[in-house]
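**Student:** Handing you a structure now.
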Amino acid sequence: MLTLVTGSTGQVGRRFVPRLLAQTRPGERVRVLVRDAARGERFAELGAEVVLGDLRDEDALGKAVSGVDAVVNVAASFRGVPDDEAWAVNHTAAVALGHAALTSGVRRFVQVSTGMIYGSGRGRPLTEDDESRPGGQMWGAYNESKVAAERELLALTDMDVRVARLPFVYGEGDPHLANALQWAAHWASNQRLHMGHHADVAQGLLRVLHAPGIAGRVYNIADDAPVTAVDIHLLNGVEIPAELARNTDPDPWFGVMSTERIRRELGYRPMFPTAWSARDAGVL
């Protein structure tokens, strides 16, 4: 089995690939697509095949998927980029990768998506069967492009496509936890953020990748309990702004996802149920 991973130099990919390599069995190989040869050296040292190229380059895609059995598309263009770049990477390139994989005979395709696609809250934890509702907090090209990519990839019925939706990912030196202060500083004190430690995100992705018989299934991956704006400040070791106590939460269930499906069907159990347990373990 040869597995291709895209987005291997991003925050999620750079932590997922070593874990994928560590649990390979005899005869299993891992290939990564990188744009910078220097950034691919670490993966080559760990035993991965390295293909140089851009996800948006058709020739690079053909080379990357050649002989591949499974693809894990982690690549994403996140917040702070122009809308056209978000669409180019998160939708156009992802769908092109899917078609290239199908043409090349790839059997399994894991699309890494985001819980942000749900949009507004529903007054309860969000489930994989909930439709996307555009609007609400932090809606934009990132969410829209990810929704569109999911739909088109899942429509490729001649290939086993499964989707993993991630929460706000943190841990192992990822600056995301500190970056969360830019939003949390303006929230209500009890406003929540659903998170997932990199170790658990990798665990979830590995389960989604290897599980048999789940073609077309979508899975939320997240911690057991969201943290509050107060928690985010305390975890970062900074003072809690006084205005948090005066602010109100316009959508208390925004971004809070159910993990019942992945727990029941794939046996997922987070190693770090909350960010506090990760803090106590020294893996923030």
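Residue numbering restarts at 1 in every chain; chains get A, B, ... in the order shown in the structure tokens, and ligands count up from 1 in that same order.
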I want to know what sits within 12 Å of Val110 in chain A, based on only C-alpha atoms, with residues of the same chain fewer than 2 positions away left out; could you give that as a tab-separated table (two decimals) with all heavy atoms, in the first residue's frame?
**Tutor:**
```tsv
chain	number	residue	atom	x	y	z
A	3	THR	N	0.58	5.35	0.29
A	3	THR	CA	-0.32	6.44	0.68
A	3	THR	C	0.33	7.78	0.39
A	3	THR	O	1.46	8.04	0.82
A	3	THR	CB	-0.66	6.35	2.18
A	3	THR	OG1	-1.28	5.10	2.45
A	3	THR	CG2	-1.61	7.48	2.58
A	4	LEU	N	-0.39	8.63	-0.31
A	4	LEU	CA	0.07	9.99	-0.59
A	4	LEU	C	-0.56	10.95	0.40
A	4	LEU	O	-1.77	10.90	0.65
A	4	LEU	CB	-0.34	10.41	-2.01
A	4	LEU	CG	-0.18	11.90	-2.35
A	4	LEU	CD1	1.29	12.29	-2.42
A	4	LEU	CD2	-0.90	12.24	-3.65
A	5	VAL	N	0.25	11.84	0.97
A	5	VAL	CA	-0.25	12.87	1.87
A	5	VAL	C	0.10	14.24	1.28
A	5	VAL	O	1.27	14.50	0.96
A	5	VAL	CB	0.35	12.76	3.28
A	5	VAL	CG1	-0.23	13.85	4.20
A	5	VAL	CG2	0.08	11.39	3.87
A	6	THR	N	-0.89	15.08	1.13
A	6	THR	CA	-0.64	16.46	0.71
A	6	THR	C	-0.71	17.36	1.95
A	6	THR	O	-1.21	16.96	3.00
A	6	THR	CB	-1.70	16.93	-0.30
A	6	THR	OG1	-2.97	17.05	0.37
A	6	THR	CG2	-1.82	15.96	-1.47
A	69	ASP	N	-2.21	4.02	-3.73
A	69	ASP	CA	-3.41	3.29	-3.34
A	69	ASP	C	-4.39	4.15	-2.56
A	69	ASP	O	-5.60	3.95	-2.63
A	69	ASP	CB	-3.02	2.08	-2.48
A	69	ASP	CG	-2.11	1.12	-3.22
A	69	ASP	OD1	-2.59	0.47	-4.16
A	69	ASP	OD2	-0.92	1.04	-2.87
A	70	ALA	N	-3.84	5.08	-1.75
A	70	ALA	CA	-4.69	5.93	-0.92
A	70	ALA	C	-4.13	7.33	-0.86
A	70	ALA	O	-2.91	7.53	-0.93
A	70	ALA	CB	-4.80	5.35	0.50
A	71	VAL	N	-5.03	8.31	-0.74
A	71	VAL	CA	-4.64	9.72	-0.63
A	71	VAL	C	-5.25	10.30	0.64
A	71	VAL	O	-6.41	10.03	0.96
A	71	VAL	CB	-5.14	10.54	-1.84
A	71	VAL	CG1	-4.90	12.04	-1.64
A	71	VAL	CG2	-4.45	10.07	-3.12
A	72	VAL	N	-4.45	11.09	1.36
A	72	VAL	CA	-4.96	11.88	2.48
A	72	VAL	C	-4.69	13.34	2.14
A	72	VAL	O	-3.54	13.78	2.16
A	72	VAL	CB	-4.30	11.51	3.82
A	72	VAL	CG1	-4.92	12.32	4.96
A	72	VAL	CG2	-4.42	10.01	4.09
A	73	ASN	N	-5.73	14.05	1.78
A	73	ASN	CA	-5.57	15.43	1.34
A	73	ASN	C	-5.71	16.39	2.52
A	73	ASN	O	-6.79	16.84	2.87
A	73	ASN	CB	-6.61	15.78	0.27
A	73	ASN	CG	-6.44	17.20	-0.26
A	73	ASN	OD1	-5.32	17.71	-0.32
A	73	ASN	ND2	-7.53	17.84	-0.62
A	74	VAL	N	-4.57	16.70	3.14
A	74	VAL	CA	-4.53	17.60	4.29
A	74	VAL	C	-4.37	19.05	3.85
A	74	VAL	O	-4.67	19.97	4.60
A	74	VAL	CB	-3.38	17.20	5.25
A	74	VAL	CG1	-3.39	18.05	6.51
A	74	VAL	CG2	-3.46	15.72	5.62
A	75	ALA	N	-3.91	19.27	2.63
A	75	ALA	CA	-3.59	20.62	2.16
A	75	ALA	C	-4.79	21.56	2.29
A	75	ALA	O	-5.92	21.20	2.00
A	75	ALA	CB	-3.15	20.57	0.70
A	94	ALA	N	-8.23	20.61	-4.73
A	94	ALA	CA	-8.69	19.38	-4.06
A	94	ALA	C	-9.49	18.51	-5.01
A	94	ALA	O	-9.31	17.28	-5.06
A	94	ALA	CB	-9.52	19.74	-2.83
A	97	LEU	N	-7.24	17.00	-7.59
A	97	LEU	CA	-6.53	15.88	-6.99
A	97	LEU	C	-7.41	14.64	-6.96
A	97	LEU	O	-6.97	13.53	-7.26
A	97	LEU	CB	-6.07	16.24	-5.58
A	97	LEU	CG	-5.39	15.14	-4.78
A	97	LEU	CD1	-4.10	14.69	-5.44
A	97	LEU	CD2	-5.10	15.62	-3.35
A	98	GLY	N	-8.68	14.84	-6.63
A	98	GLY	CA	-9.61	13.72	-6.61
A	98	GLY	C	-9.75	13.08	-7.98
A	98	GLY	O	-9.73	11.85	-8.10
A	101	ALA	N	-6.58	11.25	-8.88
A	101	ALA	CA	-6.51	10.00	-8.12
A	101	ALA	C	-7.41	8.94	-8.74
A	101	ALA	O	-7.02	7.78	-8.89
A	101	ALA	CB	-6.91	10.26	-6.67
A	106	VAL	N	-6.47	5.15	-7.81
A	106	VAL	CA	-6.43	5.22	-6.36
A	106	VAL	C	-7.73	4.64	-5.80
A	106	VAL	O	-8.82	4.95	-6.29
A	106	VAL	CB	-6.25	6.68	-5.88
A	106	VAL	CG1	-6.45	6.81	-4.37
A	106	VAL	CG2	-4.87	7.19	-6.28
A	107	ARG	N	-7.62	3.82	-4.77
A	107	ARG	CA	-8.79	3.14	-4.24
A	107	ARG	C	-9.48	3.92	-3.13
A	107	ARG	O	-10.70	3.79	-2.94
A	107	ARG	CB	-8.41	1.74	-3.72
A	107	ARG	CG	-7.82	0.83	-4.77
A	107	ARG	CD	-7.80	-0.61	-4.28
A	107	ARG	NE	-7.00	-0.77	-3.08
A	107	ARG	CZ	-5.71	-1.07	-3.07
A	107	ARG	NH1	-5.07	-1.22	-4.22
A	107	ARG	NH2	-5.05	-1.22	-1.94
A	108	ARG	N	-8.71	4.70	-2.37
A	108	ARG	CA	-9.27	5.36	-1.18
A	108	ARG	C	-8.77	6.80	-1.09
A	108	ARG	O	-7.59	7.07	-1.30
A	108	ARG	CB	-8.86	4.57	0.07
A	108	ARG	CG	-9.50	5.03	1.35
A	108	ARG	CD	-9.22	4.02	2.45
A	108	ARG	NE	-9.84	2.72	2.17
A	108	ARG	CZ	-9.72	1.65	2.93
A	108	ARG	NH1	-8.98	1.70	4.03
A	108	ARG	NH2	-10.34	0.52	2.61
A	112	VAL	N	-9.61	15.91	4.10
A	112	VAL	CA	-9.57	16.54	5.42
A	112	VAL	C	-10.26	17.89	5.31
A	112	VAL	O	-9.84	18.78	4.57
A	112	VAL	CB	-8.13	16.69	5.92
A	112	VAL	CG1	-8.11	17.34	7.31
A	112	VAL	CG2	-7.44	15.33	5.97
A	113	SER	N	-11.34	18.03	6.06
A	113	SER	CA	-12.17	19.23	5.99
A	113	SER	C	-12.22	19.88	7.37
A	113	SER	O	-11.34	19.68	8.20
A	113	SER	CB	-13.57	18.86	5.47
A	113	SER	OG	-14.32	20.02	5.15
A	149	ALA	N	-15.79	21.53	-1.99
A	149	ALA	CA	-14.87	20.43	-2.26
A	149	ALA	C	-15.43	19.11	-1.73
A	149	ALA	O	-15.38	18.08	-2.41
A	149	ALA	CB	-13.51	20.71	-1.64
A	150	GLU	N	-15.96	19.14	-0.52
A	150	GLU	CA	-16.57	17.93	0.04
A	150	GLU	C	-17.63	17.36	-0.90
A	150	GLU	O	-17.65	16.16	-1.20
A	150	GLU	CB	-17.23	18.24	1.39
A	150	GLU	CG	-16.32	18.29	2.59
A	150	GLU	CD	-17.12	18.31	3.88
A	150	GLU	OE1	-18.26	17.81	3.88
A	150	GLU	OE2	-16.60	18.81	4.89
A	153	LEU	N	-16.15	15.91	-4.21
A	153	LEU	CA	-15.36	14.71	-4.00
A	153	LEU	C	-16.23	13.52	-3.61
A	153	LEU	O	-16.03	12.40	-4.09
A	153	LEU	CB	-14.29	14.96	-2.93
A	153	LEU	CG	-13.15	15.89	-3.38
A	153	LEU	CD1	-12.32	16.34	-2.18
A	153	LEU	CD2	-12.26	15.20	-4.41
A	154	LEU	N	-17.21	13.74	-2.75
A	154	LEU	CA	-18.11	12.66	-2.37
A	154	LEU	C	-18.96	12.18	-3.54
A	154	LEU	O	-19.49	11.06	-3.53
A	154	LEU	CB	-19.01	13.10	-1.21
A	154	LEU	CG	-18.33	13.22	0.15
A	154	LEU	CD1	-19.23	13.92	1.16
A	154	LEU	CD2	-17.92	11.83	0.67
A	159	MET	N	-14.80	5.94	-6.62
A	159	MET	CA	-13.67	5.87	-5.71
A	159	MET	C	-14.19	5.97	-4.27
A	159	MET	O	-15.17	6.67	-4.01
A	159	MET	CB	-12.68	7.01	-6.01
A	159	MET	CG	-11.42	7.01	-5.16
A	159	MET	SD	-10.15	8.17	-5.76
A	159	MET	CE	-11.03	9.74	-5.70
A	160	ASP	N	-13.54	5.27	-3.37
A	160	ASP	CA	-13.91	5.28	-1.96
A	160	ASP	C	-13.43	6.60	-1.34
A	160	ASP	O	-12.26	6.76	-1.01
A	160	ASP	CB	-13.26	4.09	-1.26
A	160	ASP	CG	-13.52	4.04	0.24
A	160	ASP	OD1	-13.93	5.06	0.82
A	160	ASP	OD2	-13.28	2.97	0.84
A	161	VAL	N	-14.36	7.55	-1.18
A	161	VAL	CA	-14.05	8.84	-0.60
A	161	VAL	C	-14.66	8.93	0.79
A	161	VAL	O	-15.83	8.59	0.97
A	161	VAL	CB	-14.57	10.00	-1.48
A	161	VAL	CG1	-14.28	11.36	-0.84
A	161	VAL	CG2	-13.96	9.93	-2.88
A	162	ARG	N	-13.86	9.35	1.76
A	162	ARG	CA	-14.38	9.61	3.10
A	162	ARG	C	-13.85	10.96	3.57
A	162	ARG	O	-12.78	11.39	3.13
A	162	ARG	CB	-14.08	8.48	4.06
A	162	ARG	CG	-12.77	7.86	4.28
A	162	ARG	CD	-12.16	6.86	3.32
A	162	ARG	NE	-12.76	5.54	3.19
A	162	ARG	CZ	-12.36	4.49	3.92
A	162	ARG	NH1	-11.46	4.62	4.87
A	162	ARG	NH2	-12.88	3.31	3.70
A	163	VAL	N	-14.60	11.61	4.47
A	163	VAL	CA	-14.28	12.98	4.89
A	163	VAL	C	-14.07	13.03	6.39
A	163	VAL	O	-14.83	12.44	7.16
A	163	VAL	CB	-15.42	13.95	4.50
A	163	VAL	CG1	-15.16	15.36	5.06
A	163	VAL	CG2	-15.57	14.01	2.98
A	164	ALA	N	-13.03	13.76	6.80
A	164	ALA	CA	-12.76	14.00	8.22
A	164	ALA	C	-12.85	15.51	8.47
A	164	ALA	O	-12.14	16.29	7.84
A	164	ALA	CB	-11.38	13.49	8.60
A	165	ARG	N	-13.74	15.90	9.38
A	165	ARG	CA	-13.92	17.32	9.71
A	165	ARG	C	-13.22	17.62	11.03
A	165	ARG	O	-13.53	17.03	12.06
A	165	ARG	CB	-15.40	17.67	9.80
A	165	ARG	CG	-16.10	17.59	8.44
A	165	ARG	CD	-17.59	17.82	8.55
A	165	ARG	NE	-18.23	17.75	7.23
A	165	ARG	CZ	-19.52	17.55	7.03
A	165	ARG	NH1	-20.33	17.42	8.08
A	165	ARG	NH2	-20.01	17.49	5.81
A	204	GLY	N	-7.45	10.22	14.76
A	204	GLY	CA	-8.70	10.17	14.02
A	204	GLY	C	-8.49	9.97	12.54
A	204	GLY	O	-9.19	9.18	11.89
A	205	LEU	N	-7.51	10.69	11.98
A	205	LEU	CA	-7.24	10.55	10.54
A	205	LEU	C	-6.76	9.14	10.20
A	205	LEU	O	-7.14	8.59	9.15
A	205	LEU	CB	-6.20	11.58	10.11
A	205	LEU	CG	-6.64	13.04	10.11
A	205	LEU	CD1	-5.49	13.96	9.70
A	205	LEU	CD2	-7.84	13.26	9.19
A	206	LEU	N	-5.95	8.57	11.06
A	206	LEU	CA	-5.49	7.20	10.81
A	206	LEU	C	-6.66	6.22	10.83
A	206	LEU	O	-6.72	5.29	10.02
A	206	LEU	CB	-4.44	6.80	11.85
A	206	LEU	CG	-3.08	7.48	11.69
A	206	LEU	CD1	-2.20	7.22	12.90
A	206	LEU	CD2	-2.38	7.00	10.42
A	207	ARG	N	-7.58	6.42	11.74
A	207	ARG	CA	-8.75	5.55	11.80
A	207	ARG	C	-9.62	5.71	10.55
A	207	ARG	O	-10.12	4.72	9.99
A	207	ARG	CB	-9.56	5.84	13.07
A	207	ARG	CG	-8.87	5.40	14.35
A	207	ARG	CD	-9.67	5.76	15.58
A	207	ARG	NE	-8.94	5.43	16.80
A	207	ARG	CZ	-8.95	4.24	17.41
A	207	ARG	NH1	-9.71	3.27	16.89
A	207	ARG	NH2	-8.26	4.01	18.50
A	208	VAL	N	-9.82	6.94	10.12
A	208	VAL	CA	-10.62	7.19	8.92
A	208	VAL	C	-9.91	6.61	7.69
A	208	VAL	O	-10.55	6.05	6.79
A	208	VAL	CB	-10.88	8.70	8.74
A	208	VAL	CG1	-11.57	8.97	7.40
A	208	VAL	CG2	-11.74	9.22	9.88
A	209	LEU	N	-8.60	6.72	7.64
A	209	LEU	CA	-7.84	6.19	6.51
A	209	LEU	C	-7.93	4.67	6.41
A	209	LEU	O	-8.16	4.12	5.33
A	209	LEU	CB	-6.37	6.62	6.63
A	209	LEU	CG	-5.37	5.95	5.67
A	209	LEU	CD1	-5.70	6.29	4.22
A	209	LEU	CD2	-3.94	6.36	6.03
A	210	HIS	N	-7.76	3.98	7.53
A	210	HIS	CA	-7.60	2.52	7.49
A	210	HIS	C	-8.89	1.73	7.65
A	210	HIS	O	-8.92	0.54	7.30
A	210	HIS	CB	-6.61	2.08	8.58
A	210	HIS	CG	-5.20	2.51	8.31
A	210	HIS	ND1	-4.51	2.17	7.17
A	210	HIS	CD2	-4.35	3.28	9.06
A	210	HIS	CE1	-3.30	2.69	7.21
A	210	HIS	NE2	-3.18	3.37	8.34
A	211	ALA	N	-9.94	2.35	8.15
A	211	ALA	CA	-11.16	1.58	8.40
A	211	ALA	C	-11.77	1.06	7.09
A	211	ALA	O	-11.91	1.80	6.12
A	211	ALA	CB	-12.19	2.45	9.12
A	214	ILE	N	-16.24	2.12	4.82
A	214	ILE	CA	-16.86	3.39	5.22
A	214	ILE	C	-16.87	4.40	4.07
A	214	ILE	O	-16.86	5.62	4.29
A	214	ILE	CB	-16.18	4.01	6.46
A	214	ILE	CG1	-14.69	4.30	6.19
A	214	ILE	CG2	-16.35	3.11	7.67
A	214	ILE	CD1	-14.04	5.16	7.26
A	215	ALA	N	-16.90	3.93	2.85
A	215	ALA	CA	-16.95	4.83	1.69
A	215	ALA	C	-18.13	5.78	1.81
A	215	ALA	O	-19.25	5.37	2.14
A	215	ALA	CB	-17.05	4.02	0.41
A	216	GLY	N	-17.87	7.06	1.58
A	216	GLY	CA	-18.92	8.06	1.62
A	216	GLY	C	-19.26	8.58	3.00
A	216	GLY	O	-20.11	9.45	3.14
A	217	ARG	N	-18.60	8.07	4.04
A	217	ARG	CA	-18.89	8.49	5.40
A	217	ARG	C	-18.12	9.76	5.76
A	217	ARG	O	-17.01	10.00	5.28
A	217	ARG	CB	-18.55	7.40	6.41
A	217	ARG	CG	-19.39	6.15	6.29
A	217	ARG	CD	-20.85	6.43	6.59
A	217	ARG	NE	-21.15	6.31	8.01
A	217	ARG	CZ	-22.31	6.67	8.52
A	217	ARG	NH1	-23.24	7.21	7.77
A	217	ARG	NH2	-22.54	6.52	9.82
A	218	VAL	N	-18.71	10.55	6.64
A	218	VAL	CA	-18.11	11.78	7.14
A	218	VAL	C	-17.97	11.64	8.65
A	218	VAL	O	-18.87	11.13	9.33
A	218	VAL	CB	-19.00	12.99	6.82
A	218	VAL	CG1	-18.40	14.28	7.37
A	218	VAL	CG2	-19.21	13.11	5.30
A	219	TYR	N	-16.81	12.09	9.18
A	219	TYR	CA	-16.56	11.96	10.61
A	219	TYR	C	-16.04	13.26	11.21
A	219	TYR	O	-15.11	13.87	10.68
A	219	TYR	CB	-15.52	10.85	10.88
A	219	TYR	CG	-16.02	9.48	10.53
A	219	TYR	CD1	-15.76	8.93	9.27
A	219	TYR	CD2	-16.77	8.74	11.42
A	219	TYR	CE1	-16.22	7.67	8.93
A	219	TYR	CE2	-17.24	7.47	11.10
A	219	TYR	CZ	-16.96	6.95	9.84
A	219	TYR	OH	-17.43	5.70	9.50
```
**Student:** Could you list, with a cut-off of 6 Å and counting only C-alpha atoms, the residues of range 193-275 of chain A near range 123-136 of chain A, each shown with its nearest atom pair and the distance in Å rounded to one decimal, rows sorted by chain and ascending number, as CSV?
**Tutor:**
```
residue,atom,partner,partner_atom,distance
A:Trp253,CA,A:Gly123,CA,5.5
A:Val256,CA,A:Pro125,CA,5.2
A:Met257,CA,A:Leu126,CA,4.4
A:Ser258,CA,A:Pro125,CA,5.0
```
**Student:** For a quick check of understanding, using only C-alpha atoms, which of A:Ala229, A:Ala155, A:Gly171, A:Pro212 has the smallest distance to Arg192 in chain A?
**Tutor:**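 Checking each candidate against Arg192 in chain A, we get A:Ala229 as the closest.
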**Student:** If you run DSSP on this backbone, which residues of range 4-245 of chain A come out as strand (DSSP E or B), and could you give them as a ChimeraX atom specification?
**Tutor:** /A:4-6,29-34,49-52,70-73,108-114,119,126,133,160-166,168-170,192-193,195-197,218-220,227-228
**Student:** Counting only C-alpha atoms, what is within 12 Å of range 196-201 of chain A, bar same-chain residues fewer than 6 positions away, as number ranges by chain?
**Tutor:** A: 10-20, 74, 112-115, 164-174, 176-177, 207-208, 219-227, 256-257, 259, 262, 268-279, 281, 283-284
**Student:** Since we have the selection now, will you write its residues out, keeping C-alpha atoms, as a PDB file, in the first residue's frame?
**Tutor:**
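Listed below is the output, selection_13.pdb:
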```pdb
ATOM      1  CA  GLY A  10       1.411  22.517   7.368  1.00  0.00           C
ATOM      2  CA  GLN A  11       0.579  22.438  11.066  1.00  0.00           C
ATOM      3  CA  VAL A  12      -1.560  19.292  10.786  1.00  0.00           C
ATOM      4  CA  GLY A  13       0.425  17.524   8.067  1.00  0.00           C
ATOM      5  CA  ARG A  14       3.848  17.880   9.640  1.00  0.00           C
ATOM      6  CA  ARG A  15       2.562  16.132  12.759  1.00  0.00           C
ATOM      7  CA  PHE A  16       0.426  13.557  10.972  1.00  0.00           C
ATOM      8  CA  VAL A  17       3.029  12.224   8.531  1.00  0.00           C
ATOM      9  CA  PRO A  18       5.536  11.042  11.181  1.00  0.00           C
ATOM     10  CA  ARG A  19       2.727   9.199  12.957  1.00  0.00           C
ATOM     11  CA  LEU A  20       1.600   7.612   9.691  1.00  0.00           C
ATOM     12  CA  VAL A  74      -4.532  17.599   4.288  1.00  0.00           C
ATOM     13  CA  VAL A 112      -9.567  16.545   5.418  1.00  0.00           C
ATOM     14  CA  SER A 113     -12.171  19.230   5.989  1.00  0.00           C
ATOM     15  CA  THR A 114     -13.323  21.433   8.844  1.00  0.00           C
ATOM     16  CA  GLY A 115     -16.140  21.725  11.345  1.00  0.00           C
ATOM     17  CA  ALA A 164     -12.763  14.001   8.221  1.00  0.00           C
ATOM     18  CA  ARG A 165     -13.915  17.319   9.709  1.00  0.00           C
ATOM     19  CA  LEU A 166     -11.457  18.883  12.134  1.00  0.00           C
ATOM     20  CA  PRO A 167     -12.012  21.328  14.981  1.00  0.00           C
ATOM     21  CA  PHE A 168      -9.628  24.093  16.074  1.00  0.00           C
ATOM     22  CA  VAL A 169      -6.345  22.144  16.209  1.00  0.00           C
ATOM     23  CA  TYR A 170      -3.690  22.809  18.842  1.00  0.00           C
ATOM     24  CA  GLY A 171      -0.755  21.291  20.727  1.00  0.00           C
ATOM     25  CA  GLU A 172       2.882  20.294  20.318  1.00  0.00           C
ATOM     26  CA  GLY A 173       4.048  23.866  19.846  1.00  0.00           C
ATOM     27  CA  ASP A 174       1.367  24.820  17.311  1.00  0.00           C
ATOM     28  CA  HIS A 176      -2.979  28.173  17.160  1.00  0.00           C
ATOM     29  CA  LEU A 177      -3.685  28.256  20.884  1.00  0.00           C
ATOM     30  CA  ARG A 207      -8.751   5.554  11.803  1.00  0.00           C
ATOM     31  CA  VAL A 208     -10.617   7.188   8.916  1.00  0.00           C
ATOM     32  CA  TYR A 219     -16.560  11.962  10.614  1.00  0.00           C
ATOM     33  CA  ASN A 220     -16.103  14.774  13.123  1.00  0.00           C
ATOM     34  CA  ILE A 221     -12.810  14.624  15.038  1.00  0.00           C
ATOM     35  CA  ALA A 222     -12.595  16.655  18.252  1.00  0.00           C
ATOM     36  CA  ASP A 223     -11.893  16.705  21.984  1.00  0.00           C
ATOM     37  CA  ASP A 224     -14.535  15.593  24.474  1.00  0.00           C
ATOM     38  CA  ALA A 225     -15.313  19.102  25.709  1.00  0.00           C
ATOM     39  CA  PRO A 226     -14.867  22.602  24.247  1.00  0.00           C
ATOM     40  CA  VAL A 227     -12.951  25.238  26.185  1.00  0.00           C
ATOM     41  CA  VAL A 256     -19.513  22.429  18.921  1.00  0.00           C
ATOM     42  CA  MET A 257     -19.392  19.031  17.216  1.00  0.00           C
ATOM     43  CA  THR A 259     -18.037  12.834  18.083  1.00  0.00           C
ATOM     44  CA  ILE A 262     -16.378   8.287  15.145  1.00  0.00           C
ATOM     45  CA  TYR A 268     -11.992   6.857  18.593  1.00  0.00           C
ATOM     46  CA  ARG A 269     -11.153   7.973  22.138  1.00  0.00           C
ATOM     47  CA  PRO A 270      -9.139  11.184  22.576  1.00  0.00           C
ATOM     48  CA  MET A 271      -5.858  10.790  24.416  1.00  0.00           C
ATOM     49  CA  PHE A 272      -6.310  14.382  25.591  1.00  0.00           C
ATOM     50  CA  PRO A 273     -10.041  14.833  26.297  1.00  0.00           C
ATOM     51  CA  THR A 274      -9.571  18.563  26.952  1.00  0.00           C
ATOM     52  CA  ALA A 275      -6.883  21.173  26.492  1.00  0.00           C
ATOM     53  CA  TRP A 276      -6.405  21.098  30.268  1.00  0.00           C
ATOM     54  CA  SER A 277      -5.393  17.438  30.175  1.00  0.00           C
ATOM     55  CA  ALA A 278      -2.945  18.300  27.388  1.00  0.00           C
ATOM     56  CA  ARG A 279      -1.588  21.127  29.544  1.00  0.00           C
ATOM     57  CA  ALA A 281       0.689  16.298  30.198  1.00  0.00           C
ATOM     58  CA  VAL A 283       2.052  18.739  25.325  1.00  0.00           C
ATOM     59  CA  LEU A 284       0.626  22.182  24.594  1.00  0.00           C
TER      60      LEU A 284
END
```
**Student:** From the options A:Leu102, A:Ala86, A:Leu193, A:Ala22, which residue's atoms come nearest to Asp158 in chain A, counting only C-alpha atoms?
**Tutor:**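 Closest candidate: A:Leu102.
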**Student:** Just asking: which residues within range 6-99 of chain A are helix (DSSP H, G or I) according to DSSP, as a VMD selection string?
**Tutor:** chain A and resid 13 to 22 37 to 46 58 to 65 83 to 99
**Student:** Measuring atom to atom with only C-alpha atoms, identify which of A:Leu21, A:Ala185, A:Ala180, A:Ala37 is nearest to Ala202 in chain A.
**Tutor:**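 Comparing A:Leu21, A:Ala185, A:Ala180, A:Ala37 against Ala202 in chain A, the winner is A:Leu21.
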**Student:** Which residues are close to Asn90 in chain A, i.e. within 6 Å by only C-alpha atoms, leaving aside same-chain residues fewer than 6 positions away? Reply as a list of chain:residue names.
**Tutor:**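 Skipping anything fewer than 6 positions along the chain leaves A:Ala76, A:Ser145, A:Lys146.
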**Student:** Generate the output file for the selected residues, all heavy atoms, as a PDB file, in the first residue's frame.
**Tutor:**
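File produced: again.pdb:
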```
ATOM      1  N   ALA A  76      -4.512  22.774   2.764  1.00  0.00           N
ATOM      2  CA  ALA A  76      -5.568  23.781   2.928  1.00  0.00           C
ATOM      3  C   ALA A  76      -4.952  25.167   2.936  1.00  0.00           C
ATOM      4  O   ALA A  76      -3.812  25.354   3.375  1.00  0.00           O
ATOM      5  CB  ALA A  76      -6.344  23.552   4.216  1.00  0.00           C
ATOM      6  N   SER A 145     -15.387  27.170   0.318  1.00  0.00           N
ATOM      7  CA  SER A 145     -14.568  26.350  -0.570  1.00  0.00           C
ATOM      8  C   SER A 145     -14.453  24.922  -0.051  1.00  0.00           C
ATOM      9  O   SER A 145     -14.439  23.963  -0.841  1.00  0.00           O
ATOM     10  CB  SER A 145     -13.182  26.973  -0.747  1.00  0.00           C
ATOM     11  OG  SER A 145     -12.517  27.133   0.493  1.00  0.00           O
ATOM     12  N   LYS A 146     -14.394  24.763   1.261  1.00  0.00           N
ATOM     13  CA  LYS A 146     -14.325  23.420   1.841  1.00  0.00           C
ATOM     14  C   LYS A 146     -15.637  22.658   1.640  1.00  0.00           C
ATOM     15  O   LYS A 146     -15.632  21.450   1.354  1.00  0.00           O
ATOM     16  CB  LYS A 146     -13.985  23.511   3.325  1.00  0.00           C
ATOM     17  CG  LYS A 146     -12.511  23.755   3.617  1.00  0.00           C
ATOM     18  CD  LYS A 146     -11.687  22.536   3.258  1.00  0.00           C
ATOM     19  CE  LYS A 146     -10.278  22.606   3.774  1.00  0.00           C
ATOM     20  NZ  LYS A 146      -9.499  21.374   3.447  1.00  0.00           N
TER      21      LYS A 146
END
```
